[in-house]
$ cat data14.pdb   # PDB, C-alpha atoms
ATOM      1  CA  MET A1419      -1.251   3.295 -57.435
ATOM      2  CA  LYS A1420      -3.411   2.036 -54.552
ATOM      3  CA  GLU A1421      -1.619  -1.313 -54.508
ATOM      4  CA  ALA A1422       1.781   0.408 -54.528
ATOM      5  CA  PHE A1423       0.713   2.636 -51.637
ATOM      6  CA  SER A1424      -0.476  -0.391 -49.687
ATOM      7  CA  LEU A1425       2.751  -2.235 -50.252
ATOM      8  CA  ASN A1426       4.818   0.745 -49.205
ATOM      9  CA  GLY A1427       2.707   1.206 -46.082
ATOM     10  CA  THR A1428       3.085  -2.482 -45.200
ATOM     11  CA  THR A1429       6.817  -2.252 -45.705
ATOM     12  CA  LYS A1430       7.092   0.800 -43.485
ATOM     13  CA  ARG A1431       5.025  -0.790 -40.728
ATOM     14  CA  SER A1432       7.092  -3.978 -40.831
ATOM     15  CA  GLU A1433      10.308  -1.967 -40.613
ATOM     16  CA  ALA A1434       8.927  -0.064 -37.588
ATOM     17  CA  ALA A1435       7.945  -3.344 -35.919
ATOM     18  CA  GLU A1436      11.475  -4.647 -36.400
ATOM     19  CA  THR A1437      13.156  -1.527 -35.041
ATOM     20  CA  LYS A1438      10.837  -1.135 -31.994
ATOM     21  CA  PRO A1439      12.253  -4.079 -29.988
ATOM     22  CA  MET A1440      15.730  -2.707 -30.624
ATOM     23  CA  ASN A1441      14.735   0.645 -29.117
ATOM     24  CA  ASP A1442      13.143  -1.055 -26.077
ATOM     25  CA  LYS A1443      16.207  -3.171 -25.349
ATOM     26  CA  LEU A1444      17.045  -3.170 -21.638
ATOM     27  CA  ASP A1445      20.095  -1.116 -20.685
ATOM     28  CA  TYR A1446      21.783  -2.975 -17.832
ATOM     29  CA  THR A1447      24.308  -0.150 -17.378
ATOM     30  CA  ASN A1448      21.592   2.298 -16.318
ATOM     31  CA  LEU A1449      19.627   0.463 -13.609
ATOM     32  CA  PRO A1450      18.054   2.346 -10.675
ATOM     33  CA  CYS A1451      19.471   2.203  -7.170
ATOM     34  CA  PRO A1452      17.431  -0.194  -4.971
ATOM     35  CA  ILE A1453      16.100   0.633  -1.512
ATOM     36  CA  PRO A1454      18.179  -0.469   1.518
ATOM     37  CA  TYR A1455      18.063  -4.169   2.367
ATOM     38  CA  GLU A1456      16.616  -3.499   5.823
ATOM     39  CA  GLU A1457      13.678  -1.609   4.222
ATOM     40  CA  ILE A1458      12.891  -4.161   1.553
ATOM     41  CA  ASN A1459       9.271  -4.613   2.740
ATOM     42  CA  ARG A1460       8.623  -1.121   4.094
ATOM     43  CA  GLU A1461       5.389  -0.623   2.119
ATOM     44  CA  ALA A1462       3.831  -3.697   3.729
ATOM     45  CA  LEU A1463       4.998  -2.699   7.213
ATOM     46  CA  MET A1464       3.236   0.662   6.933
ATOM     47  CA  SER A1465      -0.136  -1.101   6.788
ATOM     48  CA  LEU A1466       0.533  -4.313   8.727
ATOM     49  CA  ARG A1467       2.567  -2.858  11.633
ATOM     50  CA  PRO A1468       0.782   0.303  12.825
ATOM     51  CA  GLU A1469       2.355   1.925  15.890
ATOM     52  CA  CYS A1470      -0.458   1.045  18.276
ATOM     53  CA  PHE A1471      -0.319   2.153  21.907
ATOM     54  CA  GLU A1472      -2.522   1.947  24.991
ATOM     55  CA  GLY A1473      -3.655   4.794  27.213
ATOM     56  CA  MET A1474      -3.160   8.517  26.665
ATOM     57  CA  ARG A1475      -0.288  10.156  24.783
ATOM     58  CA  PHE A1476       0.607  13.797  24.255
ATOM     59  CA  ASP A1477       3.506  14.977  22.069
ATOM     60  CA  PHE A1478       4.669  18.566  21.714
ATOM     61  CA  THR A1479       7.498  19.800  19.479
ATOM     62  CA  LYS A1480       8.827  23.357  19.483
ATOM     63  CA  GLY A1481      11.329  24.588  16.914
ATOM     64  CA  LEU A1482      13.876  27.056  18.285
ATOM     65  CA  ASN A1483      15.336  27.779  14.857
ATOM     66  CA  GLN A1484      15.476  26.158  11.419
ATOM     67  CA  LYS A1485      17.787  23.377  12.620
ATOM     68  CA  PHE A1486      17.210  22.884  16.353
ATOM     69  CA  SER A1487      14.000  21.801  18.123
ATOM     70  CA  LEU A1488      12.859  20.446  21.484
ATOM     71  CA  SER A1489      10.170  17.836  22.118
ATOM     72  CA  HIS A1490       8.099  16.770  25.114
ATOM     73  CA  SER A1491       6.087  13.543  25.367
ATOM     74  CA  VAL A1492       3.772  12.256  28.087
ATOM     75  CA  LEU A1493       2.416   8.699  28.073
ATOM     76  CA  MET A1494      -0.025   7.352  30.660
ATOM     77  CA  GLY A1495      -1.341   3.821  30.369
ATOM     78  CA  PRO A1496      -0.999   0.229  31.532
ATOM     79  CA  MET A1497       2.100  -1.864  30.944
ATOM     80  CA  THR A1498       1.977  -5.608  30.325
ATOM     81  CA  VAL A1499       3.870  -7.683  32.889
ATOM     82  CA  PRO A1500       5.403 -11.024  31.818
ATOM     83  CA  SER A1501       3.565 -13.906  33.457
ATOM     84  CA  GLN A1502       3.162 -17.663  33.102
ATOM     85  CA  SER A1503      -0.580 -17.247  33.429
ATOM     86  CA  PRO A1504      -2.593 -17.347  30.186
ATOM     87  CA  GLU A1505      -4.322 -14.130  31.246
ATOM     88  CA  THR A1506      -2.666 -10.790  30.530
ATOM     89  CA  ILE A1507      -1.506  -8.898  33.623
ATOM     90  CA  LYS A1508      -1.151  -5.104  33.423
ATOM     91  CA  ILE A1509      -0.022  -2.412  35.850
ATOM     92  CA  PRO A1510      -0.598   1.359  35.478
ATOM     93  CA  THR A1511       2.434   3.410  34.458
ATOM     94  CA  ALA A1512       3.291   6.961  33.411
ATOM     95  CA  HIS A1513       6.352   8.290  31.580
ATOM     96  CA  TYR A1514       7.698  11.674  30.545
ATOM     97  CA  GLU A1515      10.193  12.004  27.720
ATOM     98  CA  PHE A1516      12.328  15.011  26.856
ATOM     99  CA  GLY A1517      13.983  15.209  23.459
ATOM    100  CA  ALA A1518      16.355  17.406  21.495
ATOM    101  CA  ASN A1519      16.706  17.334  17.709
ATOM    102  CA  PHE A1520      19.290  18.888  15.414
ATOM    103  CA  ILE A1521      18.602  18.528  11.696
ATOM    104  CA  ASP A1522      20.942  19.992   9.100
ATOM    105  CA  HIS A1523      19.113  18.320   6.227
ATOM    106  CA  PRO A1524      20.311  16.214   4.554
ATOM    107  CA  LYS A1525      23.907  16.082   5.793
ATOM    108  CA  LEU A1526      23.511  15.668   9.556
ATOM    109  CA  MET A1527      20.685  14.585  11.883
ATOM    110  CA  LEU A1528      20.976  14.189  15.675
ATOM    111  CA  PHE A1529      18.201  12.914  17.976
ATOM    112  CA  GLY A1530      18.309  12.506  21.747
ATOM    113  CA  ARG A1531      15.675  11.295  24.238
ATOM    114  CA  VAL A1532      15.705  11.091  28.058
ATOM    115  CA  LEU A1533      12.951   9.269  29.994
ATOM    116  CA  THR A1534      11.968   9.524  33.634
ATOM    117  CA  ASP A1535      12.854   5.861  34.215
ATOM    118  CA  GLY A1536      16.505   6.638  33.473
ATOM    119  CA  ARG A1537      16.736   5.513  29.863
ATOM    120  CA  LEU A1538      18.717   7.571  27.365
ATOM    121  CA  ASN A1539      18.292   7.076  23.607
ATOM    122  CA  ALA A1540      20.476   8.680  20.946
ATOM    123  CA  ARG A1541      20.567   8.470  17.143
ATOM    124  CA  VAL A1542      22.979   9.936  14.613
ATOM    125  CA  LYS A1543      22.841  10.070  10.817
ATOM    126  CA  CYS A1544      25.710  11.754   8.991
ATOM    127  CA  ASP A1545      26.485  11.824   5.268
ATOM    128  CA  LEU A1546      30.269  11.506   5.105
ATOM    129  CA  THR A1547      30.227  11.746   1.293
ATOM    130  CA  ASP A1548      27.558  11.767  -1.390
ATOM    131  CA  ASN A1549      27.543   7.941  -1.343
ATOM    132  CA  LEU A1550      28.688   7.012   2.177
ATOM    133  CA  THR A1551      26.480   7.477   5.257
ATOM    134  CA  LEU A1552      27.222   6.836   8.922
ATOM    135  CA  LYS A1553      24.355   5.773  11.216
ATOM    136  CA  ALA A1554      24.595   5.127  14.945
ATOM    137  CA  ASN A1555      22.140   4.523  17.767
ATOM    138  CA  ALA A1556      22.541   3.769  21.444
ATOM    139  CA  GLN A1557      20.397   3.115  24.499
ATOM    140  CA  LEU A1558      21.690   3.497  28.058
ATOM    141  CA  THR A1559      19.718   2.160  31.046
ATOM    142  CA  ASN A1560      20.183   1.655  34.760
ATOM    143  CA  GLU A1561      19.558  -2.072  34.404
ATOM    144  CA  PRO A1562      22.706  -4.189  34.083
ATOM    145  CA  HIS A1563      23.495  -5.691  30.682
ATOM    146  CA  MET A1564      20.556  -3.886  29.039
ATOM    147  CA  SER A1565      22.459  -0.993  27.448
ATOM    148  CA  HIS A1566      23.397  -1.419  23.811
ATOM    149  CA  GLY A1567      24.799   0.471  20.862
ATOM    150  CA  MET A1568      25.210  -0.050  17.125
ATOM    151  CA  ALA A1569      26.920   1.747  14.250
ATOM    152  CA  SER A1570      26.630   1.162  10.515
ATOM    153  CA  PHE A1571      28.173   2.389   7.281
ATOM    154  CA  ASP A1572      25.852   2.532   4.255
ATOM    155  CA  TYR A1573      27.265   2.833   0.757
ATOM    156  CA  LYS A1574      24.973   3.808  -2.124
ATOM    157  CA  GLY A1575      26.145   2.858  -5.616
ATOM    158  CA  SER A1576      24.549   3.585  -8.961
ATOM    159  CA  ASP A1577      22.557   0.319  -8.993
ATOM    160  CA  TYR A1578      23.356  -1.305  -5.629
ATOM    161  CA  ARG A1579      23.569  -0.686  -1.887
ATOM    162  CA  SER A1580      25.784  -2.227   0.780
ATOM    163  CA  GLN A1581      25.862  -1.941   4.559
ATOM    164  CA  ILE A1582      28.170  -2.993   7.399
ATOM    165  CA  GLN A1583      26.954  -2.940  11.026
ATOM    166  CA  VAL A1584      28.903  -3.310  14.261
ATOM    167  CA  GLY A1585      27.254  -3.603  17.669
ATOM    168  CA  ASN A1586      28.030  -4.492  21.251
ATOM    169  CA  GLY A1587      28.141  -8.162  22.136
ATOM    170  CA  ALA A1588      30.521  -8.753  19.202
ATOM    171  CA  LEU A1589      27.710  -8.311  16.672
ATOM    172  CA  LEU A1590      28.804  -8.089  13.038
ATOM    173  CA  GLN A1591      26.372  -7.770  10.149
ATOM    174  CA  ALA A1592      26.717  -7.102   6.417
ATOM    175  CA  SER A1593      24.137  -6.784   3.651
ATOM    176  CA  TYR A1594      24.126  -6.177  -0.097
ATOM    177  CA  ILE A1595      21.294  -5.577  -2.573
ATOM    178  CA  GLN A1596      21.595  -5.281  -6.365
ATOM    179  CA  SER A1597      19.153  -4.156  -9.056
ATOM    180  CA  VAL A1598      18.853  -6.894 -11.677
ATOM    181  CA  THR A1599      16.250  -5.138 -13.842
ATOM    182  CA  PRO A1600      14.512  -1.742 -13.442
ATOM    183  CA  HIS A1601      11.803  -3.467 -11.347
ATOM    184  CA  PHE A1602      13.585  -6.468  -9.784
ATOM    185  CA  SER A1603      16.350  -6.588  -7.167
ATOM    186  CA  LEU A1604      18.132  -9.337  -5.227
ATOM    187  CA  GLY A1605      20.043  -9.154  -1.965
ATOM    188  CA  GLY A1606      21.587 -11.035   0.907
ATOM    189  CA  GLU A1607      22.656 -10.565   4.512
ATOM    190  CA  VAL A1608      25.011 -12.312   6.928
ATOM    191  CA  PHE A1609      25.475 -11.801  10.671
ATOM    192  CA  TRP A1610      27.635 -13.081  13.509
ATOM    193  CA  ALA A1611      26.729 -12.654  17.191
ATOM    194  CA  GLY A1612      29.965 -13.441  18.991
ATOM    195  CA  GLN A1613      28.523 -13.205  22.499
ATOM    196  CA  HIS A1614      25.927 -15.891  21.787
ATOM    197  CA  ARG A1615      28.051 -17.813  19.244
ATOM    198  CA  LYS A1616      25.327 -17.614  16.591
ATOM    199  CA  SER A1617      25.513 -16.862  12.892
ATOM    200  CA  GLY A1618      23.055 -16.756  10.020
ATOM    201  CA  ILE A1619      22.455 -15.811   6.422
ATOM    202  CA  SER A1620      19.369 -14.623   4.586
ATOM    203  CA  TYR A1621      18.354 -13.906   1.003
ATOM    204  CA  ALA A1622      15.709 -11.517  -0.304
ATOM    205  CA  ALA A1623      14.018 -10.582  -3.564
ATOM    206  CA  ARG A1624      11.872  -7.556  -4.407
ATOM    207  CA  PHE A1625       9.714  -6.823  -7.455
ATOM    208  CA  ASN A1626       8.005  -3.458  -7.717
ATOM    209  CA  THR A1627       6.016  -1.462 -10.245
ATOM    210  CA  GLU A1628       3.932   1.683  -9.972
ATOM    211  CA  LYS A1629       0.931  -0.374  -8.800
ATOM    212  CA  MET A1630       2.379  -3.222  -6.724
ATOM    213  CA  VAL A1631       5.290  -4.397  -4.567
ATOM    214  CA  ALA A1632       6.136  -8.051  -3.880
ATOM    215  CA  THR A1633       8.948  -9.248  -1.607
ATOM    216  CA  GLY A1634      10.282 -12.561  -0.338
ATOM    217  CA  GLN A1635      12.874 -13.414   2.315
ATOM    218  CA  VAL A1636      14.425 -16.724   3.375
ATOM    219  CA  ALA A1637      16.778 -17.083   6.352
ATOM    220  CA  SER A1638      18.949 -19.908   7.633
ATOM    221  CA  THR A1639      17.162 -19.593  10.979
ATOM    222  CA  GLY A1640      14.135 -21.217   9.328
ATOM    223  CA  MET A1641      12.129 -18.048   8.788
ATOM    224  CA  VAL A1642      10.324 -17.460   5.476
ATOM    225  CA  ALA A1643       8.543 -14.137   4.880
ATOM    226  CA  LEU A1644       6.415 -13.117   1.899
ATOM    227  CA  SER A1645       4.633  -9.802   1.393
ATOM    228  CA  TYR A1646       2.511  -8.177  -1.289
ATOM    229  CA  VAL A1647       1.164  -4.620  -1.603
ATOM    230  CA  GLN A1648      -1.364  -3.537  -4.223
ATOM    231  CA  LYS A1649      -1.897   0.182  -4.812
ATOM    232  CA  LEU A1650      -5.537   0.647  -5.816
ATOM    233  CA  SER A1651      -5.089   4.402  -6.196
ATOM    234  CA  GLU A1652      -2.869   7.208  -4.947
ATOM    235  CA  LYS A1653      -4.768   7.159  -1.634
ATOM    236  CA  VAL A1654      -5.652   3.493  -1.097
ATOM    237  CA  SER A1655      -3.402   0.446  -0.862
ATOM    238  CA  LEU A1656      -3.914  -3.113   0.365
ATOM    239  CA  ALA A1657      -1.201  -5.312   1.880
ATOM    240  CA  SER A1658      -0.731  -8.934   2.924
ATOM    241  CA  ASP A1659       2.092 -11.028   4.312
ATOM    242  CA  LEU A1660       2.871 -14.603   5.289
ATOM    243  CA  MET A1661       5.351 -15.614   8.002
ATOM    244  CA  TYR A1662       6.497 -19.225   8.337
ATOM    245  CA  ASN A1663       8.944 -20.555  10.918
ATOM    246  CA  HIS A1664      10.330 -23.915   9.854
ATOM    247  CA  MET A1665      11.768 -24.663  13.317
ATOM    248  CA  SER A1666       8.563 -24.174  15.296
ATOM    249  CA  ARG A1667       6.139 -24.841  12.413
ATOM    250  CA  ASP A1668       4.332 -21.568  13.174
ATOM    251  CA  VAL A1669       2.467 -19.845  10.349
ATOM    252  CA  THR A1670       0.942 -16.369  10.506
ATOM    253  CA  ALA A1671      -0.880 -14.546   7.711
ATOM    254  CA  SER A1672      -1.989 -10.908   7.797
ATOM    255  CA  VAL A1673      -3.979  -8.546   5.595
ATOM    256  CA  GLY A1674      -4.103  -4.792   6.002
ATOM    257  CA  TYR A1675      -5.010  -1.494   4.411
ATOM    258  CA  ASP A1676      -3.714   2.060   4.199
ATOM    259  CA  TYR A1677      -6.219   4.805   3.363
ATOM    260  CA  VAL A1678      -5.001   8.409   3.017
ATOM    261  CA  LEU A1679      -7.684  11.108   3.078
ATOM    262  CA  ARG A1680      -7.307  14.849   2.736
ATOM    263  CA  GLN A1681      -7.095  15.489   6.485
ATOM    264  CA  SER A1682      -6.516  12.005   7.914
ATOM    265  CA  ARG A1683      -4.836   8.640   7.450
ATOM    266  CA  LEU A1684      -6.318   5.287   8.478
ATOM    267  CA  ARG A1685      -4.333   2.060   8.736
ATOM    268  CA  GLY A1686      -5.367  -1.354   9.982
ATOM    269  CA  LYS A1687      -4.749  -5.083   9.835
ATOM    270  CA  ILE A1688      -6.059  -8.484  10.889
ATOM    271  CA  ASP A1689      -4.033 -11.682  11.179
ATOM    272  CA  SER A1690      -4.684 -15.403  11.400
ATOM    273  CA  ASN A1691      -4.203 -15.387  15.194
ATOM    274  CA  GLY A1692      -7.356 -13.319  15.638
ATOM    275  CA  CYS A1693      -5.516 -10.057  16.322
ATOM    276  CA  THR A1694      -6.979  -6.892  14.758
ATOM    277  CA  ALA A1695      -5.577  -3.368  14.895
ATOM    278  CA  ALA A1696      -6.482   0.091  13.603
ATOM    279  CA  PHE A1697      -4.614   3.393  13.735
ATOM    280  CA  LEU A1698      -6.145   6.770  12.833
ATOM    281  CA  GLU A1699      -4.329  10.084  12.443
ATOM    282  CA  GLU A1700      -6.612  13.111  12.023
ATOM    283  CA  ARG A1701      -5.202  16.543  11.219
ATOM    284  CA  LEU A1702      -7.374  19.001  13.131
ATOM    285  CA  SER A1703      -5.498  22.138  12.115
ATOM    286  CA  MET A1704      -2.036  23.324  11.181
ATOM    287  CA  GLY A1705       0.347  21.810  13.711
ATOM    288  CA  LEU A1706      -2.303  19.817  15.606
ATOM    289  CA  LYS A1707      -3.038  16.129  15.076
ATOM    290  CA  PHE A1708      -5.463  13.772  16.857
ATOM    291  CA  ILE A1709      -4.564  10.061  17.164
ATOM    292  CA  LEU A1710      -6.738   7.029  17.845
ATOM    293  CA  SER A1711      -5.303   3.540  18.364
ATOM    294  CA  ALA A1712      -7.029   0.200  18.948
ATOM    295  CA  GLU A1713      -5.801  -3.399  19.078
ATOM    296  CA  MET A1714      -7.721  -6.551  20.005
ATOM    297  CA  ASP A1715      -6.147  -9.962  20.514
ATOM    298  CA  HIS A1716      -9.087 -12.351  20.959
ATOM    299  CA  LYS A1717      -6.858 -15.370  21.495
ATOM    300  CA  LYS A1718      -5.009 -13.834  24.454
ATOM    301  CA  LYS A1719      -8.019 -11.752  25.558
ATOM    302  CA  ASP A1720      -5.851  -8.652  25.380
ATOM    303  CA  TYR A1721      -7.618  -5.432  24.378
ATOM    304  CA  LYS A1722      -5.872  -2.085  23.968
ATOM    305  CA  PHE A1723      -7.227   1.367  23.247
ATOM    306  CA  GLY A1724      -5.357   4.667  23.113
ATOM    307  CA  PHE A1725      -5.833   8.260  22.101
ATOM    308  CA  GLY A1726      -3.508  11.206  21.892
ATOM    309  CA  LEU A1727      -2.631  14.621  20.550
ATOM    310  CA  ALA A1728       0.473  15.719  18.665
ATOM    311  CA  ALA A1729       1.167  19.436  18.551
ATOM    312  CA  GLY A1730       4.035  21.443  17.226
ATOM    313  CA  GLU A1731       5.936  22.344  14.101
TER
END
$ encode --input "data14.pdb" --output "structure tokens"
Amino acid sequence: MKEAFSLNGTTKRSEAAETKPMNDKLDYTNLPCPIPYEEINREALMSLRPECFEGMRFDFTKGLNQKFSLSHSVLMGPMTVPSQSPETIKIPTAHYEFGANFIDHPKLMLFGRVLTDGRLNARVKCDLTDNLTLKANAQLTNEPHMSHGMASFDYKGSDYRSQIQVGNGALLQASYIQSVTPHFSLGGEVFWAGQHRKSGISYAARFNTEKMVATGQVASTGMVALSYVQKLSEKVSLASDLMYNHMSRDVTASVGYDYVLRQSRLRGKIDSNGCTAAFLEERLSMGLKFILSAEMDHKKKDYKFGFGLAAGE
């Protein structure tokens, strides 16, 4: 009886082992929708491209109702002036920015900004259908030939995304990204700048799991970009990237971190050119946030430090 039981158990286990791969067979008709092509390395950019600033900044946002709000921003600090001298030249500046926001989430979002130097910025995001989205942005300035505008149509399929962009200067751009497996996606992009008579094409790949994200991009302009993000925990992640320009033979490597605490968030990076940066956001209370920013470029002897407050709803 014991031998018979053993044989039956072995037979049942072998049958389960044979049926398990059949159950785990990949279903290519039910792949997830990938992220937009333009955001393919967004996790790495969060750590490696903190929004550093220099001087003092104060932002205030007041909601008038559930959909409409007004914002005020004051920035005082030096501005870098282009110069042929190896030393960095800065002049003191101050700007005030008034903004209006209308958010009918998630169908319609409107943002407008007016600065004291005469610049006007506007952004629009409108969901025309459940799968088709219209995006537009424009900047108007007093300087000749510096105003620009761009509009794009984004289509979201079940396992792919596509985008078409049109801008001033006869700029045409199209991109497409497709999920190949649940964790791997491939995409490409083409553009034509009619005003400058330039065109190009690029390819990208992205592999992501719950713990890591790896991306790679190659462009006909000679640019190669690689990035990798490792999530150590829900609060800590490390990132690195490598940029190589085949035309100029320039290579830049960066490593960074993103640490989310209960009341604060700290991001920073250091690259192969000797440039280090750190960005701290501390939540003091409900609706009040303190910001510290620092960036040091030892090669150019350029050192920046900024602090600010962000208040509002």
$ closest_atom_pairs --input "data14.pdb" --of "region 1494-1600 of chain A" --to "region 1607-1618 of chain A" --cutoff "12 Å" --atoms "only C-alpha atoms" --output "JSON lines"
{"residue": "A:Arg1579", "atom": "CA", "partner": "A:Glu1607", "partner_atom": "CA", "distance": 11.8}
{"residue": "A:Ser1580", "atom": "CA", "partner": "A:Glu1607", "partner_atom": "CA", "distance": 9.7}
{"residue": "A:Gln1581", "atom": "CA", "partner": "A:Glu1607", "partner_atom": "CA", "distance": 9.2}
{"residue": "A:Ile1582", "atom": "CA", "partner": "A:Phe1609", "partner_atom": "CA", "distance": 9.8}
{"residue": "A:Gln1583", "atom": "CA", "partner": "A:Phe1609", "partner_atom": "CA", "distance": 9.0}
{"residue": "A:Val1584", "atom": "CA", "partner": "A:Phe1609", "partner_atom": "CA", "distance": 9.8}
{"residue": "A:Gly1585", "atom": "CA", "partner": "A:Ala1611", "partner_atom": "CA", "distance": 9.1}
{"residue": "A:Asn1586", "atom": "CA", "partner": "A:Gln1613", "partner_atom": "CA", "distance": 8.8}
{"residue": "A:Gly1587", "atom": "CA", "partner": "A:Gln1613", "partner_atom": "CA", "distance": 5.1}
{"residue": "A:Ala1588", "atom": "CA", "partner": "A:Gly1612", "partner_atom": "CA", "distance": 4.7}
{"residue": "A:Leu1589", "atom": "CA", "partner": "A:Ala1611", "partner_atom": "CA", "distance": 4.5}
{"residue": "A:Leu1590", "atom": "CA", "partner": "A:Trp1610", "partner_atom": "CA", "distance": 5.1}
{"residue": "A:Gln1591", "atom": "CA", "partner": "A:Phe1609", "partner_atom": "CA", "distance": 4.2}
{"residue": "A:Ala1592", "atom": "CA", "partner": "A:Val1608", "partner_atom": "CA", "distance": 5.5}
{"residue": "A:Ser1593", "atom": "CA", "partner": "A:Glu1607", "partner_atom": "CA", "distance": 4.2}
{"residue": "A:Tyr1594", "atom": "CA", "partner": "A:Glu1607", "partner_atom": "CA", "distance": 6.5}
{"residue": "A:Ile1595", "atom": "CA", "partner": "A:Glu1607", "partner_atom": "CA", "distance": 8.8}
$ closest_residue --input "data14.pdb" --among "A:Asn1483, A:Ser1465, A:Gln1502, A:Thr1627" --to "Ala1695 (chain A)" --atoms "only C-alpha atoms"
A:Ser1465
$ resolve_selection --input "data14.pdb" --expression "the PyMOL selection byres ((chain A and resi 1672) around 7)" --output "PyMOL selection string"
chain A and resi 1658-1660+1670-1671+1673-1674+1687-1690
$ atom_distance --input "data14.pdb" --atom1 "CA of Pro1562 (chain A)" --atom2 "CA of Asn1539 (chain A)"
16.0 Å
$ axis_aligned_box --input "data14.pdb" --around "region 1591-1596 of chain A" --padding-each-side "4 Å" --output "JSON"
{"center_x": 24.0, "center_y": -6.5, "center_z": 1.9, "size_x": 13.4, "size_y": 10.5, "size_z": 24.5}
$ resolve_selection --input "data14.pdb" --expression "the PyMOL selection byres ((chain A and resi 1578) around 7)" --output "list in words"
Cys1451, Pro1452, Lys1574, Gly1575, Ser1576, Asp1577, Arg1579, Ser1580, Ile1595, Gln1596 and Ser1597 of chain A
$ residues_around --input "data14.pdb" --residues "Tyr1646 (chain A)" --least-positions-apart "4" --cutoff "12 Å" --atoms "only C-alpha atoms" --output "VMD selection string"
chain A and resid 1458 to 1463 1465 to 1466 1623 to 1627 1629 to 1634 1655 to 1660 1671 to 1675
$ atom_distance --input "data14.pdb" --atom1 "CA of Phe1697 (chain A)" --atom2 "CA of Phe1516 (chain A)"
24.4 Å
$ atom_distance --input "data14.pdb" --atom1 "CA of Lys1719 (chain A)" --atom2 "CA of Ser1645 (chain A)"
27.3 Å
$ resolve_selection --input "data14.pdb" --expression "the PyMOL selection byres ((chain A and resi 1708) around 10)" --output "VMD selection string"
chain A and resid 1476 1682 1698 to 1703 1706 to 1707 1709 to 1710 1725 to 1729
$ residues_around --input "data14.pdb" --residues "Pro1600 (chain A)" --least-positions-apart "4" --cutoff "9 Å" --atoms "only C-alpha atoms" --output "ChimeraX atom specification"
/A:1444,1446,1448-1451,1626
$ closest_atom_pairs --input "data14.pdb" --of "region 1530-1623 of chain A" --to "region 1484-1499 of chain A" --cutoff "10 Å" --atoms "all atoms listed in the file" --output "Markdown table"
| residue | atom | partner | partner_atom | distance |
| --- | --- | --- | --- | --- |
| A:Gly1530 | CA | A:Leu1488 | CA | 9.6 |
| A:Arg1531 | CA | A:Ser1489 | CA | 8.8 |
| A:Val1532 | CA | A:His1490 | CA | 9.9 |
| A:Leu1533 | CA | A:Ser1491 | CA | 9.3 |
$ closest_residue --input "data14.pdb" --among "A:Ala1554, A:Asp1668, A:Gly1640, A:Phe1602" --to "His1566 (chain A)" --atoms "all atoms listed in the file"
A:Ala1554
